[in-house]
Amino acid sequence: MDWKLSIGAFSRRFATEEACARKLYEIKWPEGYVCPLCRHREASVTRTRRLPLYECLKCRHQTSLTVGTAMEKSKTPLRKWFLAIYWLTRGVTARQLSKEIRVTYKTAWLIAHKIRHAIRLTTSELPLTGHVRVNEDRHGPTSLYSVYRRNVKYQTLIAAASISEEGKLLRVKLHQVPAEHLFVGVTTRYGMRCFLQQCVASEADLKVAPGIYNSARYRPLNAFCYEASRFMNEIYCGIGPKHLQAYLDEYGYRFNFTSREESIVRDLLRQCVARPVITYPKLTRKAA
């Protein structure tokens with residue numbers, strides 16, 4: 001199917017639970033059912049539940065379409081999950097999402113962060129390769145009024161990108177520097193080294209510009225960070241440090257699809273099927 005659909009066409013394509021369940025089955029088991037325990041390929045199906053329950057004919061293990069996915073144990077209908085995935089690729093607030101899919105604000109917020117968790121797991125597995133430029137930057141207020149405010153709080157970031165021979169940003173990563181990797185608001189050498197080990201391939205052609213005011217910072221990457229901050233400030237009206245990384249990952253994920261022919265909606269749905277759920281207590285617990 002063509003995944004580059006308007007919201008109206010997408011809603012009609014996945015208007016029923018049955019249509020969503022079929023697509024979920026196709027993504028989860030592209031070659032047919034496979035038992036997650038013994039890998040047997042035959043099962044009996046119980047269809048009296050909201051979603052089908054599959055019981056392996058060999059080991060009798062029971063599983064459903066949403067087990068092991070971002071949608072696991074969710075009472076929200078699949079069609080609303082599909083719509084939420086569609087809207088998250090466009091960049092919406094939880095309040096907007098709650099109106100679009102007709103759920104409470106709390107449910108919309110939780111769904112959005114479960115999807116962002118899948119994005120975070122996906123982006124963490126793909127290190128930057130080729131010609132890589134790394135800047136130290138920051139996220140904070142971007143309005144003209146904020147320039148004259150006192151005690152403006154900024155979050156230190158590390159911004160990195162694979163670039164083309166012409167200097168175009170191909171794939172980006174925005175990393176919120178944790179407090180233990182900061183000294184007077186500046187990333188320590190150890191913090192920068194940890195980022196490079198986790199996010200940049202060892203064979204990459206690497207150039208690093210540490211420091212917020214380093215004149216060697218790569219300007220297109222600096223402009224990208226500013227645009228990311230401006231977008232998030234306008235859309236989300238202020239993001240606290242606790243969940244900032246989730247929004248940075250979402251913004252970078254959307255950017256990384258701008259030059260690809262593959263549908264971002266299809267990929268995000270696939271990632272939500274392949275990634276385990278994060279629970280509400282884990283999302284809301286206080287940092288240690």
# chains A, B, ... in the order shown; residues from 1 in each chain; ligands from 1
call {"tool": "residues_around", "arguments": {"residues": "Arg41 (chain A)", "least_positions_apart": "3", "cutoff": "8 Å", "atoms": "only C-alpha atoms", "output": "list in words"}}
result
Gly32, Tyr33, Val34, Cys35 and Cys56 of chain A
call {"tool": "residues_around", "arguments": {"residues": "region 89-105 of chain A", "least_positions_apart": "4", "cutoff": "9 Å", "atoms": "only C-alpha atoms", "output": "PyMOL selection string"}}
result
chain A and resi 76+79-81+83-85+109-112+235-236+250-251+253-254+264-265+268
call {"tool": "write_last_selection", "arguments": {"atoms": "C-alpha atoms", "output": "short mmCIF file (atom, residue, chain, number, x, y, z; two decimals), in the first residue's frame"}}
result
data_model
loop_
_atom_site.label_atom_id
_atom_site.label_comp_id
_atom_site.auth_asym_id
_atom_site.auth_seq_id
_atom_site.Cartn_x
_atom_site.Cartn_y
_atom_site.Cartn_z
CA THR A 76 -6.69 1.87 23.66
CA ARG A 79 -7.03 2.18 15.21
CA LYS A 80 -6.29 5.01 17.67
CA TRP A 81 -2.73 3.80 18.05
CA LEU A 83 -3.67 7.40 14.10
CA ALA A 84 -1.35 8.44 16.94
CA ILE A 85 1.63 7.07 15.05
CA TRP A 109 0.54 11.83 26.61
CA LEU A 110 1.32 8.21 27.50
CA ILE A 111 0.82 6.94 23.95
CA ALA A 112 3.03 9.69 22.55
CA ILE A 235 4.93 23.56 19.43
CA TYR A 236 5.41 22.25 22.97
CA GLU A 250 11.65 12.57 17.77
CA TYR A 251 12.80 15.73 15.99
CA TYR A 253 14.06 11.00 13.61
CA ARG A 254 11.71 13.09 11.49
CA ILE A 264 8.14 7.53 7.85
CA VAL A 265 4.69 6.30 8.95
CA LEU A 268 7.52 4.16 12.76
#
call {"tool": "select_by_dssp", "arguments": {"residues": "region 112-241 of chain A", "states": "alpha helix (DSSP H)", "output": "PDB file with N, CA and C atoms, in the first residue's frame"}}
result
ATOM      1  N   ALA A 112       1.982   8.951  23.244  1.00  0.00           N
ATOM      2  CA  ALA A 112       3.030   9.695  22.547  1.00  0.00           C
ATOM      3  C   ALA A 112       4.409   9.342  23.081  1.00  0.00           C
ATOM      4  N   HIS A 113       4.536   9.206  24.405  1.00  0.00           N
ATOM      5  CA  HIS A 113       5.840   8.896  24.974  1.00  0.00           C
ATOM      6  C   HIS A 113       6.227   7.431  24.760  1.00  0.00           C
ATOM      7  N   LYS A 114       5.258   6.558  24.650  1.00  0.00           N
ATOM      8  CA  LYS A 114       5.584   5.174  24.302  1.00  0.00           C
ATOM      9  C   LYS A 114       6.122   5.101  22.873  1.00  0.00           C
ATOM     10  N   ILE A 115       5.534   5.886  21.985  1.00  0.00           N
ATOM     11  CA  ILE A 115       6.029   5.930  20.606  1.00  0.00           C
ATOM     12  C   ILE A 115       7.421   6.548  20.570  1.00  0.00           C
ATOM     13  N   ARG A 116       7.631   7.625  21.340  1.00  0.00           N
ATOM     14  CA  ARG A 116       8.960   8.260  21.390  1.00  0.00           C
ATOM     15  C   ARG A 116       9.999   7.312  21.980  1.00  0.00           C
ATOM     16  N   HIS A 117       9.583   6.464  22.900  1.00  0.00           N
ATOM     17  CA  HIS A 117      10.515   5.472  23.461  1.00  0.00           C
ATOM     18  C   HIS A 117      10.973   4.505  22.371  1.00  0.00           C
ATOM     19  N   ALA A 118      10.047   4.097  21.494  1.00  0.00           N
ATOM     20  CA  ALA A 118      10.419   3.233  20.368  1.00  0.00           C
ATOM     21  C   ALA A 118      11.394   3.955  19.447  1.00  0.00           C
ATOM     22  N   ILE A 119      11.161   5.252  19.218  1.00  0.00           N
ATOM     23  CA  ILE A 119      12.080   6.038  18.402  1.00  0.00           C
ATOM     24  C   ILE A 119      13.453   6.087  19.048  1.00  0.00           C
ATOM     25  N   ARG A 120      13.498   6.277  20.353  1.00  0.00           N
ATOM     26  CA  ARG A 120      14.786   6.379  21.055  1.00  0.00           C
ATOM     27  C   ARG A 120      15.567   5.078  20.947  1.00  0.00           C
ATOM     28  N   LEU A 121      14.900   3.952  21.107  1.00  0.00           N
ATOM     29  CA  LEU A 121      15.584   2.666  20.983  1.00  0.00           C
ATOM     30  C   LEU A 121      16.105   2.466  19.564  1.00  0.00           C
ATOM     31  N   THR A 122      15.330   2.926  18.591  1.00  0.00           N
ATOM     32  CA  THR A 122      15.738   2.785  17.192  1.00  0.00           C
ATOM     33  C   THR A 122      16.974   3.621  16.884  1.00  0.00           C
ATOM     34  N   THR A 123      16.945   4.895  17.266  1.00  0.00           N
ATOM     35  CA  THR A 123      18.052   5.791  16.945  1.00  0.00           C
ATOM     36  C   THR A 123      19.331   5.416  17.686  1.00  0.00           C
ATOM     37  N   SER A 124      19.193   4.810  18.874  1.00  0.00           N
ATOM     38  CA  SER A 124      20.377   4.442  19.642  1.00  0.00           C
ATOM     39  C   SER A 124      21.156   3.305  18.994  1.00  0.00           C
ATOM     40  N   ARG A 189      35.455  16.178  29.112  1.00  0.00           N
ATOM     41  CA  ARG A 189      36.072  15.307  28.113  1.00  0.00           C
ATOM     42  C   ARG A 189      35.525  13.896  28.201  1.00  0.00           C
ATOM     43  N   TYR A 190      35.297  13.455  29.438  1.00  0.00           N
ATOM     44  CA  TYR A 190      34.747  12.111  29.623  1.00  0.00           C
ATOM     45  C   TYR A 190      33.342  12.021  29.033  1.00  0.00           C
ATOM     46  N   GLY A 191      32.525  13.065  29.231  1.00  0.00           N
ATOM     47  CA  GLY A 191      31.180  13.074  28.676  1.00  0.00           C
ATOM     48  C   GLY A 191      31.187  13.042  27.166  1.00  0.00           C
ATOM     49  N   MET A 192      32.085  13.797  26.556  1.00  0.00           N
ATOM     50  CA  MET A 192      32.190  13.795  25.095  1.00  0.00           C
ATOM     51  C   MET A 192      32.662  12.435  24.601  1.00  0.00           C
ATOM     52  N   ARG A 193      33.603  11.834  25.323  1.00  0.00           N
ATOM     53  CA  ARG A 193      34.117  10.528  24.916  1.00  0.00           C
ATOM     54  C   ARG A 193      33.018   9.468  24.993  1.00  0.00           C
ATOM     55  N   CYS A 194      32.198   9.534  26.034  1.00  0.00           N
ATOM     56  CA  CYS A 194      31.092   8.582  26.170  1.00  0.00           C
ATOM     57  C   CYS A 194      30.119   8.714  25.001  1.00  0.00           C
ATOM     58  N   PHE A 195      29.815   9.958  24.608  1.00  0.00           N
ATOM     59  CA  PHE A 195      28.906  10.169  23.483  1.00  0.00           C
ATOM     60  C   PHE A 195      29.485   9.589  22.198  1.00  0.00           C
ATOM     61  N   LEU A 196      30.757   9.872  21.942  1.00  0.00           N
ATOM     62  CA  LEU A 196      31.378   9.404  20.702  1.00  0.00           C
ATOM     63  C   LEU A 196      31.413   7.883  20.645  1.00  0.00           C
ATOM     64  N   GLN A 197      31.668   7.233  21.773  1.00  0.00           N
ATOM     65  CA  GLN A 197      31.706   5.773  21.796  1.00  0.00           C
ATOM     66  C   GLN A 197      30.330   5.167  21.517  1.00  0.00           C
ATOM     67  N   GLN A 198      29.278   5.832  21.998  1.00  0.00           N
ATOM     68  CA  GLN A 198      27.922   5.294  21.863  1.00  0.00           C
ATOM     69  C   GLN A 198      27.271   5.644  20.528  1.00  0.00           C
ATOM     70  N   CYS A 199      27.587   6.803  19.973  1.00  0.00           N
ATOM     71  CA  CYS A 199      26.797   7.330  18.861  1.00  0.00           C
ATOM     72  C   CYS A 199      27.541   7.483  17.538  1.00  0.00           C
ATOM     73  N   ARG A 219      28.695  25.245  11.262  1.00  0.00           N
ATOM     74  CA  ARG A 219      27.567  26.185  11.261  1.00  0.00           C
ATOM     75  C   ARG A 219      26.234  25.571  10.830  1.00  0.00           C
ATOM     76  N   PRO A 220      26.188  24.717   9.792  1.00  0.00           N
ATOM     77  CA  PRO A 220      24.900  24.093   9.452  1.00  0.00           C
ATOM     78  C   PRO A 220      24.329  23.275  10.608  1.00  0.00           C
ATOM     79  N   LEU A 221      25.189  22.637  11.382  1.00  0.00           N
ATOM     80  CA  LEU A 221      24.732  21.859  12.531  1.00  0.00           C
ATOM     81  C   LEU A 221      24.267  22.781  13.652  1.00  0.00           C
ATOM     82  N   ASN A 222      24.962  23.897  13.814  1.00  0.00           N
ATOM     83  CA  ASN A 222      24.555  24.899  14.793  1.00  0.00           C
ATOM     84  C   ASN A 222      23.173  25.453  14.439  1.00  0.00           C
ATOM     85  N   ALA A 223      22.955  25.732  13.157  1.00  0.00           N
ATOM     86  CA  ALA A 223      21.656  26.239  12.709  1.00  0.00           C
ATOM     87  C   ALA A 223      20.563  25.192  12.900  1.00  0.00           C
ATOM     88  N   PHE A 224      20.906  23.929  12.694  1.00  0.00           N
ATOM     89  CA  PHE A 224      19.938  22.851  12.899  1.00  0.00           C
ATOM     90  C   PHE A 224      19.489  22.802  14.363  1.00  0.00           C
ATOM     91  N   CYS A 225      20.420  22.926  15.285  1.00  0.00           N
ATOM     92  CA  CYS A 225      20.079  22.904  16.710  1.00  0.00           C
ATOM     93  C   CYS A 225      19.160  24.060  17.075  1.00  0.00           C
ATOM     94  N   TYR A 226      19.464  25.243  16.541  1.00  0.00           N
ATOM     95  CA  TYR A 226      18.610  26.396  16.824  1.00  0.00           C
ATOM     96  C   TYR A 226      17.207  26.169  16.290  1.00  0.00           C
ATOM     97  N   GLU A 227      17.098  25.625  15.080  1.00  0.00           N
ATOM     98  CA  GLU A 227      15.783  25.371  14.493  1.00  0.00           C
ATOM     99  C   GLU A 227      15.020  24.322  15.292  1.00  0.00           C
ATOM    100  N   ALA A 228      15.732  23.323  15.807  1.00  0.00           N
ATOM    101  CA  ALA A 228      15.087  22.308  16.646  1.00  0.00           C
ATOM    102  C   ALA A 228      14.540  22.939  17.910  1.00  0.00           C
ATOM    103  N   SER A 229      15.314  23.792  18.556  1.00  0.00           N
ATOM    104  CA  SER A 229      14.860  24.476  19.774  1.00  0.00           C
ATOM    105  C   SER A 229      13.675  25.378  19.482  1.00  0.00           C
ATOM    106  N   ARG A 230      13.749  26.127  18.374  1.00  0.00           N
ATOM    107  CA  ARG A 230      12.655  27.027  18.018  1.00  0.00           C
ATOM    108  C   ARG A 230      11.362  26.253  17.772  1.00  0.00           C
ATOM    109  N   PHE A 231      11.469  25.140  17.039  1.00  0.00           N
ATOM    110  CA  PHE A 231      10.297  24.321  16.749  1.00  0.00           C
ATOM    111  C   PHE A 231       9.683  23.782  18.043  1.00  0.00           C
ATOM    112  N   MET A 232      10.508  23.219  18.902  1.00  0.00           N
ATOM    113  CA  MET A 232       9.984  22.628  20.128  1.00  0.00           C
ATOM    114  C   MET A 232       9.400  23.677  21.064  1.00  0.00           C
ATOM    115  N   ASN A 233      10.001  24.862  21.095  1.00  0.00           N
ATOM    116  CA  ASN A 233       9.458  25.933  21.926  1.00  0.00           C
ATOM    117  C   ASN A 233       8.102  26.405  21.418  1.00  0.00           C
ATOM    118  N   GLU A 234       7.938  26.472  20.105  1.00  0.00           N
ATOM    119  CA  GLU A 234       6.681  26.930  19.530  1.00  0.00           C
ATOM    120  C   GLU A 234       5.579  25.881  19.648  1.00  0.00           C
ATOM    121  N   ILE A 235       5.939  24.621  19.432  1.00  0.00           N
ATOM    122  CA  ILE A 235       4.927  23.562  19.431  1.00  0.00           C
ATOM    123  C   ILE A 235       4.590  23.101  20.850  1.00  0.00           C
ATOM    124  N   TYR A 236       5.627  22.854  21.656  1.00  0.00           N
ATOM    125  CA  TYR A 236       5.409  22.246  22.966  1.00  0.00           C
ATOM    126  C   TYR A 236       5.446  23.244  24.117  1.00  0.00           C
TER     127      TYR A 236
END
call {"tool": "residues_around", "arguments": {"residues": "His139 (chain A)", "least_positions_apart": "6", "cutoff": "7 Å", "atoms": "only C-alpha atoms", "output": "list in words"}}
result
Tyr154, Gln155, Thr156, Leu157 and Ser229 of chain A
call {"tool": "closest_residue", "arguments": {"among": "A:Gln62, A:Cys20, A:Tyr280, A:Glu26", "to": "Cys38 (chain A)", "atoms": "only C-alpha atoms"}}
result
A:Gln62
call {"tool": "closest_residue", "arguments": {"among": "A:Tyr213, A:Phe82, A:Phe14, A:Phe257", "to": "Leu170 (chain A)", "atoms": "only C-alpha atoms"}}
result
A:Phe257
call {"tool": "residues_around", "arguments": {"residues": "region 160-163 of chain A", "least_positions_apart": "3", "cutoff": "12 Å", "atoms": "only C-alpha atoms", "output": "PyMOL selection string"}}
result
chain A and resi 126-137+157+166-176+192+195-196+198-201+204-210+217-222+224-225+252+255-256
call {"tool": "write_last_selection", "arguments": {"atoms": "C-alpha atoms", "output": "PDB file, in the first residue's frame"}}
result
ATOM      1  CA  LEU A 126      22.323   3.418  14.446  1.00  0.00           C
ATOM      2  CA  PRO A 127      25.739   5.086  14.940  1.00  0.00           C
ATOM      3  CA  LEU A 128      26.789   7.919  12.654  1.00  0.00           C
ATOM      4  CA  THR A 129      29.168   6.944   9.866  1.00  0.00           C
ATOM      5  CA  GLY A 130      31.207   8.582   7.107  1.00  0.00           C
ATOM      6  CA  HIS A 131      32.189  12.226   7.547  1.00  0.00           C
ATOM      7  CA  VAL A 132      30.930  13.190  11.007  1.00  0.00           C
ATOM      8  CA  ARG A 133      30.913  16.642  12.575  1.00  0.00           C
ATOM      9  CA  VAL A 134      30.238  17.111  16.298  1.00  0.00           C
ATOM     10  CA  ASN A 135      29.328  20.385  18.035  1.00  0.00           C
ATOM     11  CA  GLU A 136      28.554  21.295  21.594  1.00  0.00           C
ATOM     12  CA  ASP A 137      25.312  23.278  21.695  1.00  0.00           C
ATOM     13  CA  LEU A 157      23.535  19.357  24.097  1.00  0.00           C
ATOM     14  CA  GLU A 166      28.998  18.963  -0.249  1.00  0.00           C
ATOM     15  CA  GLY A 167      28.536  19.556   3.487  1.00  0.00           C
ATOM     16  CA  LYS A 168      24.823  18.732   3.661  1.00  0.00           C
ATOM     17  CA  LEU A 169      23.457  17.191   6.857  1.00  0.00           C
ATOM     18  CA  LEU A 170      22.476  13.607   6.084  1.00  0.00           C
ATOM     19  CA  ARG A 171      21.682  12.102   9.486  1.00  0.00           C
ATOM     20  CA  VAL A 172      21.721  13.819  12.861  1.00  0.00           C
ATOM     21  CA  LYS A 173      21.792  12.981  16.554  1.00  0.00           C
ATOM     22  CA  LEU A 174      20.920  15.396  19.342  1.00  0.00           C
ATOM     23  CA  HIS A 175      22.098  14.302  22.780  1.00  0.00           C
ATOM     24  CA  GLN A 176      21.142  15.874  26.095  1.00  0.00           C
ATOM     25  CA  MET A 192      32.190  13.795  25.095  1.00  0.00           C
ATOM     26  CA  PHE A 195      28.906  10.169  23.483  1.00  0.00           C
ATOM     27  CA  LEU A 196      31.378   9.404  20.702  1.00  0.00           C
ATOM     28  CA  GLN A 198      27.922   5.294  21.863  1.00  0.00           C
ATOM     29  CA  CYS A 199      26.797   7.330  18.861  1.00  0.00           C
ATOM     30  CA  VAL A 200      29.626   7.491  16.309  1.00  0.00           C
ATOM     31  CA  ALA A 201      31.137   4.561  14.417  1.00  0.00           C
ATOM     32  CA  ALA A 204      34.090   7.538  10.992  1.00  0.00           C
ATOM     33  CA  ASP A 205      36.042  10.544   9.700  1.00  0.00           C
ATOM     34  CA  LEU A 206      35.478  12.681  12.797  1.00  0.00           C
ATOM     35  CA  LYS A 207      35.827  16.374  13.614  1.00  0.00           C
ATOM     36  CA  VAL A 208      34.804  17.589  17.079  1.00  0.00           C
ATOM     37  CA  ALA A 209      34.256  21.190  18.202  1.00  0.00           C
ATOM     38  CA  PRO A 210      33.822  21.183  22.009  1.00  0.00           C
ATOM     39  CA  ARG A 217      31.642  24.639  15.363  1.00  0.00           C
ATOM     40  CA  TYR A 218      30.026  23.431  12.159  1.00  0.00           C
ATOM     41  CA  ARG A 219      27.567  26.185  11.261  1.00  0.00           C
ATOM     42  CA  PRO A 220      24.900  24.093   9.452  1.00  0.00           C
ATOM     43  CA  LEU A 221      24.732  21.859  12.531  1.00  0.00           C
ATOM     44  CA  ASN A 222      24.555  24.899  14.793  1.00  0.00           C
ATOM     45  CA  PHE A 224      19.938  22.851  12.899  1.00  0.00           C
ATOM     46  CA  CYS A 225      20.079  22.904  16.710  1.00  0.00           C
ATOM     47  CA  GLY A 252      15.982  14.077  14.732  1.00  0.00           C
ATOM     48  CA  PHE A 255      14.610  15.034   9.967  1.00  0.00           C
ATOM     49  CA  ASN A 256      16.458  11.860   9.064  1.00  0.00           C
TER      50      ASN A 256
END
call {"tool": "atom_distance", "arguments": {"atom1": "CA of Ile278 (chain A)", "atom2": "CA of Ile158 (chain A)"}}
result
25.1 Å
call {"tool": "atom_distance", "arguments": {"atom1": "CA of Tyr247 (chain A)", "atom2": "CA of Arg275 (chain A)"}}
result
17.6 Å
call {"tool": "select_by_dssp", "arguments": {"residues": "region 35-200 of chain A", "states": "strand (DSSP E or B)", "output": "ChimeraX atom specification"}}
result
/A:43-46,53-56,62-64,128,131-139,155-163,169-176,182-183,186-187,200
call {"tool": "residues_around", "arguments": {"residues": "region 43-55 of chain A", "least_positions_apart": "4", "cutoff": "9 Å", "atoms": "only C-alpha atoms", "output": "PyMOL selection string"}}
result
chain A and resi 17-18+21+33-35+59-66+77
call {"tool": "atom_distance", "arguments": {"atom1": "CA of Ser6 (chain A)", "atom2": "CA of Ser263 (chain A)"}}
result
12.5 Å
